[in-house]
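Trainee: Supplied in structure tokens, the structure appears directly below.
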Amino acid sequence: MDLTIVWALILAFIVAMYVVMDGFDLGIGILFPRFAVGKERDMAMNSVAPIWDGNETWLILGGNGLFAAFPIAYAIILPALYAPLIAMLLGLIFRGVAFEFRWRDPGHRRWWDAGFFLGSLVATLAQGITLGALLQGITIEGRAYGGGWWDWLTPFSLLVGASIVVGYALLGACWLVWKTEGPLHDQARRYALYLLPALLVAFGAVSLATPFLEGKYYERWFETPGLYVAVPMPLLVLVTAWGAWRALRQGRDHAPFLWVLGLFGLSLLGLGVSIWPDVIPGRVSIWQAAAPYDSQLFMLVGSAVLIPLILAYTAWSYYVFRGKVGDEGYHEH
């Protein structure tokens with residue numbers, strides 16, 4: 001197989017893993033002000049405390065992978081999206097500091113709680129805006145970014161940003177349904193029942209707007225072979241959403257989270273149909289942006305070792321910390 005396609009698939013996998021791994025703990029941060037001060041907030045944090053920093057490994061791996069495998073795309077995308085990307089990194093940094101310091105500095109815990117919420121919200125919103133700005137198109141002159149500083153800020157990018165905030169909040173609520181008990185568990189279930197239809201509306205709005213942003217999007221969705229995905233996609237989304245709703249109403253714990261992951265999987269599939277085989281939609285294909293063959297091969301050898309190790313470590317950590325969260329977390333020991 002063409003190594004460029006292999007690297008495109010690897011990066012797609014890394015993006016999917018980041019959404020799965022980091023989305024729900026960002027979602028918990030977004031919902032954090034809705035939880036009662038004290039036991040509920042501590043329990044929510046303890047549900048992700050052993051794993052949250054490892055989840056962000058995929059973000060680092062994705063950024064480095066894009067730089068190494070598709071350097072031209074990296075050189076164009078970063079100047080176009082400096083503002084939201086820097087906002088995302090600052091949000092993640094501030095969130096991480098707040099996460100640790102709220103346990104070490106209980107006298108100022110309310111400020112650290114506020115920082116945890118704001119960092120999570122800013123990071124999530126910035127990720128959605130970055131995706132929206134990429135989808136709506138980047139102005140290129142030669143092999144460099146040719147647009148302005150504020151080109152990323154449009155109604156569409158804000159719509160995508162808000163949709164990701166709702167989606168991550170839903171993931172966070174479903175994770176708490178799975179991992180907690182008592183009042184927090186019941187409250188998370190109620191939030192999930194509100195957030196699920198909100199996510200369908202948000203994703204529907206983004207899906208309706210996307211084909212008209214770029215002529216190629218319209219062709220890929222409404223001409224074969226993309227038509228084979230476009231026709232069953234609404235039905236698949238509704239069936240998956242119904243599965244999540246039914247699992248929530250029936251009081252099941254782990255199933256809602258898995259169903260919502262299915263919704264995100266369908267959205268990522270739709271995103272792939274929209275932009276393939278471009279790395280910068282409508283502008284630069286994966287072959288135009290690719291690194292030399294020898295560089296791709298060298299990196300592939302390293303990735304063949306590194307990615308399985310990360311997956312093994314991740315699986316082991318989730319296995320070790322399986323089950324419901326108690327009143328204490330490892331911060332107390």
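Numbering starts fresh at 1 for the residues of each chain in the structure tokens, the chains themselves are lettered A, B, ... in the order given, and ligands are numbered from 1 as they appear.
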Taking 5 positions as the minimum chain separation for residues in the same chain, which residues sit within 10 Å of Phe264 in chain A when counting only C-alpha atoms? Answer as a PyMOL selection string.
Mentor: chain A and resi 16+19-20+167-168+171+203+237+258-259+269-270
Trainee: Counting only C-alpha atoms, which residues of range 36-96 of chain A sit at most 12 Å from some atom of range 104-111 of chain A, and what is each one's closest atom pair with its distance in Å to one decimal, listed by chain and rising residue number, as CSV?
Mentor:
```
residue,atom,partner,partner_atom,distance
A:Ala36,CA,A:Arg110,CA,11.6
A:Val37,CA,A:Arg110,CA,8.5
A:Gly38,CA,A:Arg109,CA,10.0
A:Arg41,CA,A:Arg110,CA,10.8
A:Asp42,CA,A:Arg109,CA,11.0
A:Phe94,CA,A:Trp111,CA,11.7
A:Arg95,CA,A:Trp111,CA,11.6
```
Trainee: List every residue of range 197-297 of chain A that has an atom at most 8 Å from any atom of range 73-77 of chain A, and for each one report the closest atom pair and its distance in Å to one decimal, counting only C-alpha atoms, with rows sorted by chain and then by increasing residue number, as a tab-separated table.
Mentor:
```
residue	atom	partner	partner_atom	distance
A:Val279	CA	A:Ala73	CA	6.8
A:Ile280	CA	A:Ala73	CA	6.7
A:Val284	CA	A:Ala73	CA	7.4
A:Ala289	CA	A:Ala73	CA	5.6
```
Trainee: Please return, as a PyMOL selection string, all residues of range 117-289 of chain A that DSSP assigns to helix (DSSP H, G or I) on the basis of the backbone.
Mentor: chain A and resi 117-136+155-179+182-212+215-222+227-230+233-249+255-275+286-289
Trainee: Find, counting only C-alpha atoms, the residue in A:Ala144, A:Asp53, A:Ser295, A:Gly302 that gets nearest to Phe67 in chain A.
Mentor: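 Checking each candidate against Phe67 in chain A, we get A:Ser295 as the closest.
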Trainee: Compile the contact shell of Ala173 in chain A as a list in words: residues with an atom at most 9 Å away, counting only C-alpha atoms, same-chain residues fewer than 6 positions apart removed.
Mentor: Phe24, Gly27, Ile28, Leu31, His185, Gln187, Ala188, Arg189, Arg190, Tyr191, Ala192, Leu195 and Phe257 of chain A
Trainee: Just the residues within 9 Å of Ala133 in chain A, please, counting only C-alpha atoms, with nothing from its chain fewer than 3 positions along; format it as a list in words.
Mentor: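 Once the nearby chain positions are removed, what remains is Ala80, Leu81, Gly128, Ile129, Thr130, Gln136, Gly137, Ile138, Asp151, Trp152, Leu153, Thr154, Phe156, Ser157, Leu158 and Val160 of chain A.
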Trainee: Could you jot down the CA of Gly262 in chain A to CA of Ala241 in chain A separation for me, Å, one decimal place?
Mentor: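 Atom-to-atom, CA of Gly262 in chain A to CA of Ala241 in chain A, that is 8.7 Å.
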Trainee: Which one of A:Gly282, A:Gly115, A:Pro277, A:Gly161 sits closest to Ile5 in chain A if you count only C-alpha atoms?
Mentor: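 The shortest atom-to-atom distance to Ile5 in chain A comes from A:Pro277.
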Trainee: Taking only C-alpha atoms into account, name the residue in A:Ala44, A:Leu135, A:Val122, A:Leu176 that is nearest to Asp253 in chain A.
Mentor: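 Under the stated criterion, the closest residue is A:Leu176.
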Trainee: Can you work out which one of A:Met21, A:Ala126, A:Met43, A:Val206 has the shortest atom-to-atom distance to Gly182 in chain A, counting only C-alpha atoms?
Mentor: A:Met43
Trainee: Tell me which of A:Gly323, A:Pro281, A:Pro50, A:Gly29 sits closest to Gly172 in chain A, counting only C-alpha atoms.
Mentor: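 Of A:Gly323, A:Pro281, A:Pro50, A:Gly29, the one nearest Gly172 in chain A is A:Gly29, counting only C-alpha atoms.
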Trainee: Using only C-alpha atoms, can you tell me which of A:Thr139, A:Ser163, A:Ser47, A:Ser274 comes closest to Pro79 in chain A?
Mentor: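 Counting only C-alpha atoms, the residue closest to Pro79 in chain A is A:Thr139.
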Trainee: Within range 124-322 of chain A, find each residue whose DSSP state, derived from the backbone, is strand (DSSP E or B), and express the selection as a ChimeraX atom specification.
Mentor: /A:140-141,144-145,278-280,284-285
Trainee: Just the selected residues (all heavy atoms), exported as a PDB file, in the first residue's frame, please.
Mentor:
```pdb
ATOM      1  N   ILE A 140      -4.469  29.837   0.411  1.00  0.00           N
ATOM      2  CA  ILE A 140      -3.077  29.450   0.181  1.00  0.00           C
ATOM      3  C   ILE A 140      -2.516  30.241  -0.992  1.00  0.00           C
ATOM      4  O   ILE A 140      -3.168  30.404  -2.026  1.00  0.00           O
ATOM      5  CB  ILE A 140      -2.968  27.942  -0.101  1.00  0.00           C
ATOM      6  CG1 ILE A 140      -3.463  27.136   1.099  1.00  0.00           C
ATOM      7  CG2 ILE A 140      -1.526  27.556  -0.428  1.00  0.00           C
ATOM      8  CD1 ILE A 140      -3.487  25.645   0.869  1.00  0.00           C
ATOM      9  N   GLU A 141      -1.301  30.736  -0.812  1.00  0.00           N
ATOM     10  CA  GLU A 141      -0.551  31.381  -1.891  1.00  0.00           C
ATOM     11  C   GLU A 141       0.761  30.638  -2.062  1.00  0.00           C
ATOM     12  O   GLU A 141       1.615  30.688  -1.183  1.00  0.00           O
ATOM     13  CB  GLU A 141      -0.300  32.860  -1.573  1.00  0.00           C
ATOM     14  CG  GLU A 141      -1.567  33.711  -1.543  1.00  0.00           C
ATOM     15  CD  GLU A 141      -1.286  35.161  -1.239  1.00  0.00           C
ATOM     16  OE1 GLU A 141      -0.082  35.503  -1.065  1.00  0.00           O
ATOM     17  OE2 GLU A 141      -2.239  35.949  -1.151  1.00  0.00           O
ATOM     18  N   ALA A 144       2.268  28.467   1.002  1.00  0.00           N
ATOM     19  CA  ALA A 144       2.191  29.121   2.306  1.00  0.00           C
ATOM     20  C   ALA A 144       0.787  29.663   2.535  1.00  0.00           C
ATOM     21  O   ALA A 144      -0.012  29.806   1.599  1.00  0.00           O
ATOM     22  CB  ALA A 144       3.214  30.249   2.397  1.00  0.00           C
ATOM     23  N   TYR A 145       0.478  29.967   3.779  1.00  0.00           N
ATOM     24  CA  TYR A 145      -0.817  30.539   4.122  1.00  0.00           C
ATOM     25  C   TYR A 145      -0.905  31.953   3.589  1.00  0.00           C
ATOM     26  O   TYR A 145      -0.001  32.765   3.770  1.00  0.00           O
ATOM     27  CB  TYR A 145      -0.986  30.537   5.645  1.00  0.00           C
ATOM     28  CG  TYR A 145      -2.246  31.212   6.111  1.00  0.00           C
ATOM     29  CD1 TYR A 145      -3.496  30.780   5.669  1.00  0.00           C
ATOM     30  CD2 TYR A 145      -2.199  32.279   7.009  1.00  0.00           C
ATOM     31  CE1 TYR A 145      -4.657  31.403   6.090  1.00  0.00           C
ATOM     32  CE2 TYR A 145      -3.356  32.899   7.446  1.00  0.00           C
ATOM     33  CZ  TYR A 145      -4.577  32.461   6.977  1.00  0.00           C
ATOM     34  OH  TYR A 145      -5.727  33.070   7.412  1.00  0.00           O
ATOM     35  N   ASP A 278      -7.810  14.819   0.749  1.00  0.00           N
ATOM     36  CA  ASP A 278      -7.094  16.049   1.059  1.00  0.00           C
ATOM     37  C   ASP A 278      -6.658  16.060   2.519  1.00  0.00           C
ATOM     38  O   ASP A 278      -7.337  15.521   3.392  1.00  0.00           O
ATOM     39  CB  ASP A 278      -7.973  17.273   0.788  1.00  0.00           C
ATOM     40  CG  ASP A 278      -8.289  17.430  -0.695  1.00  0.00           C
ATOM     41  OD1 ASP A 278      -7.549  16.873  -1.525  1.00  0.00           O
ATOM     42  OD2 ASP A 278      -9.279  18.114  -1.015  1.00  0.00           O
ATOM     43  N   VAL A 279      -5.549  16.742   2.778  1.00  0.00           N
ATOM     44  CA  VAL A 279      -5.144  16.999   4.149  1.00  0.00           C
ATOM     45  C   VAL A 279      -5.518  18.429   4.532  1.00  0.00           C
ATOM     46  O   VAL A 279      -5.799  18.716   5.694  1.00  0.00           O
ATOM     47  CB  VAL A 279      -3.641  16.731   4.347  1.00  0.00           C
ATOM     48  CG1 VAL A 279      -2.788  17.673   3.520  1.00  0.00           C
ATOM     49  CG2 VAL A 279      -3.269  16.784   5.819  1.00  0.00           C
ATOM     50  N   ILE A 280      -5.552  19.323   3.541  1.00  0.00           N
ATOM     51  CA  ILE A 280      -6.166  20.640   3.687  1.00  0.00           C
ATOM     52  C   ILE A 280      -7.327  20.656   2.714  1.00  0.00           C
ATOM     53  O   ILE A 280      -7.124  20.690   1.492  1.00  0.00           O
ATOM     54  CB  ILE A 280      -5.178  21.782   3.378  1.00  0.00           C
ATOM     55  CG1 ILE A 280      -3.989  21.716   4.338  1.00  0.00           C
ATOM     56  CG2 ILE A 280      -5.873  23.133   3.488  1.00  0.00           C
ATOM     57  CD1 ILE A 280      -2.949  22.785   4.090  1.00  0.00           C
ATOM     58  N   VAL A 284      -4.986  21.050  -0.653  1.00  0.00           N
ATOM     59  CA  VAL A 284      -3.751  20.255  -0.715  1.00  0.00           C
ATOM     60  C   VAL A 284      -4.097  18.794  -0.424  1.00  0.00           C
ATOM     61  O   VAL A 284      -4.699  18.494   0.618  1.00  0.00           O
ATOM     62  CB  VAL A 284      -2.709  20.756   0.309  1.00  0.00           C
ATOM     63  CG1 VAL A 284      -1.446  19.895   0.233  1.00  0.00           C
ATOM     64  CG2 VAL A 284      -2.380  22.221   0.072  1.00  0.00           C
ATOM     65  N   SER A 285      -3.712  17.906  -1.336  1.00  0.00           N
ATOM     66  CA  SER A 285      -3.965  16.475  -1.128  1.00  0.00           C
ATOM     67  C   SER A 285      -2.882  15.872  -0.244  1.00  0.00           C
ATOM     68  O   SER A 285      -1.828  16.482  -0.014  1.00  0.00           O
ATOM     69  CB  SER A 285      -3.999  15.737  -2.467  1.00  0.00           C
ATOM     70  OG  SER A 285      -2.692  15.657  -3.016  1.00  0.00           O
TER      71      SER A 285
END
```
Trainee: Excluding same-chain residues fewer than 5 positions from Trp52 in chain A, what lies within 10 Å of it counting only C-alpha atoms, as a ChimeraX atom specification?
Mentor: /A:21-26,45,47,57,96,99
